[in-house]
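K.L.:
A single structure is presented below for examination.
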Amino acid sequence: MEDAAHWSVAVHKGHFLMAPSQQRTDIILDDPIELVTRFVVTHDWLLQSRGENAVLVEVPGKWCDYQLAVVWRHDEAAMQVSCRIDVQTDPMRYGEMALLATLLNKQIFIGHLGLDVTTGELEMRYTLALRGAGGATPEQIEDVVDILLGECENCYPAIYQVDRKSTRLNSSHRCISYAVFCLKKK
């Protein structure tokens, strides 16, 4: 555990006097992959694989299961988090799904949706920069994972509407409009 030193400054006869403050702040910094692993275990999620710099987890959601991937990049001191949504878009509808992702991205708090054209899957992505921090806190990990999963849950009904119910271009545009309208009402 690392103590952050706090100092009180007082002026006495024109001289600055510094004394340690009684106030103490404990900040626990740790390896982001280790923190993610602990977070996964506490939630009883399925840890599919863990490497030195990566974790792959299956997370049950309200609408579908999500595949959460976390990669720690030492050189950049950044943690990349992606949450793959269990939807396989038909290649003929990549344009419609990309349009929906663009519209949904306007309403997403943290992260962004991206369409992987090699697999037809959508994923929510976010990078947490930790340069100079010496690690991450458990609260940072919890916030990033909870927010990304929450965004996936919020977007899924709109994604499902477009993925499952659109067969013609005109009907898909109606589905996109309706799906985004429903999302705005929340």
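How things are named: the first chain in the structure tokens is A, the next is B, and so on; residues count from 1 in each chain; ligands count from 1 in the order shown.
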So which residues of segment 14-170 of chain A fall under strand (DSSP E or B) by DSSP, listed as JSON, numbers by chain?

P.N.:
{"A": [15, 16, 17, 18, 19, 20, 25, 26, 27, 30, 46, 47, 48, 49, 50, 54, 55, 56, 57, 58, 59, 60, 65, 66, 67, 68, 69, 70, 71, 72, 73, 78, 79, 80, 81, 82, 83, 84, 85, 112, 113, 114, 115, 116, 121, 122, 123, 124, 125, 126, 127, 128, 129, 136]}

K.L.:
Find the nearest atom pair between each residue of segment 37-69 of chain A and segment 129-142 of chain A for residues within 12 Å, count only C-alpha atoms, give distances in Å to one decimal, sort rows by chain and ascending number, and present the table as a Markdown table.

P.N.:
```
| residue | atom | partner | partner_atom | distance |
| --- | --- | --- | --- | --- |
| A:Thr37 | CA | A:Ile141 | CA | 10.0 |
| A:Arg38 | CA | A:Pro138 | CA | 9.0 |
| A:Phe39 | CA | A:Glu142 | CA | 7.1 |
| A:Val40 | CA | A:Glu142 | CA | 9.7 |
| A:Thr42 | CA | A:Glu142 | CA | 11.1 |
| A:His43 | CA | A:Glu142 | CA | 10.9 |
```

K.L.:
Taking only residues of segment 58-84 of chain A that have an atom at most 12 Å from an atom of segment 107-117 of chain A, what is each one's shortest atom pair and its distance in Å to one decimal, using only C-alpha atoms, in chain and number order, as CSV?

P.N.:
```
residue,atom,partner,partner_atom,distance
A:Gln80,CA,A:Gly111,CA,10.4
A:Val81,CA,A:Gly111,CA,9.1
A:Ser82,CA,A:Gly111,CA,8.9
A:Cys83,CA,A:Leu113,CA,9.3
A:Arg84,CA,A:Leu113,CA,9.5
```

K.L.:
So, counting only C-alpha atoms, which residue among A:Glu34, A:Glu153, A:Glu96, A:Asp90 is closest to Trp63 of chain A?

P.N.:
A:Glu153

K.L.:
Report, in Å to a single decimal, how far apart atom CA of Val55 of chain A and atom CA of Leu35 of chain A are.

P.N.:
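Answer for the atom CA of Leu35 of chain A to atom CA of Val55 of chain A separation: 10.5 Å.
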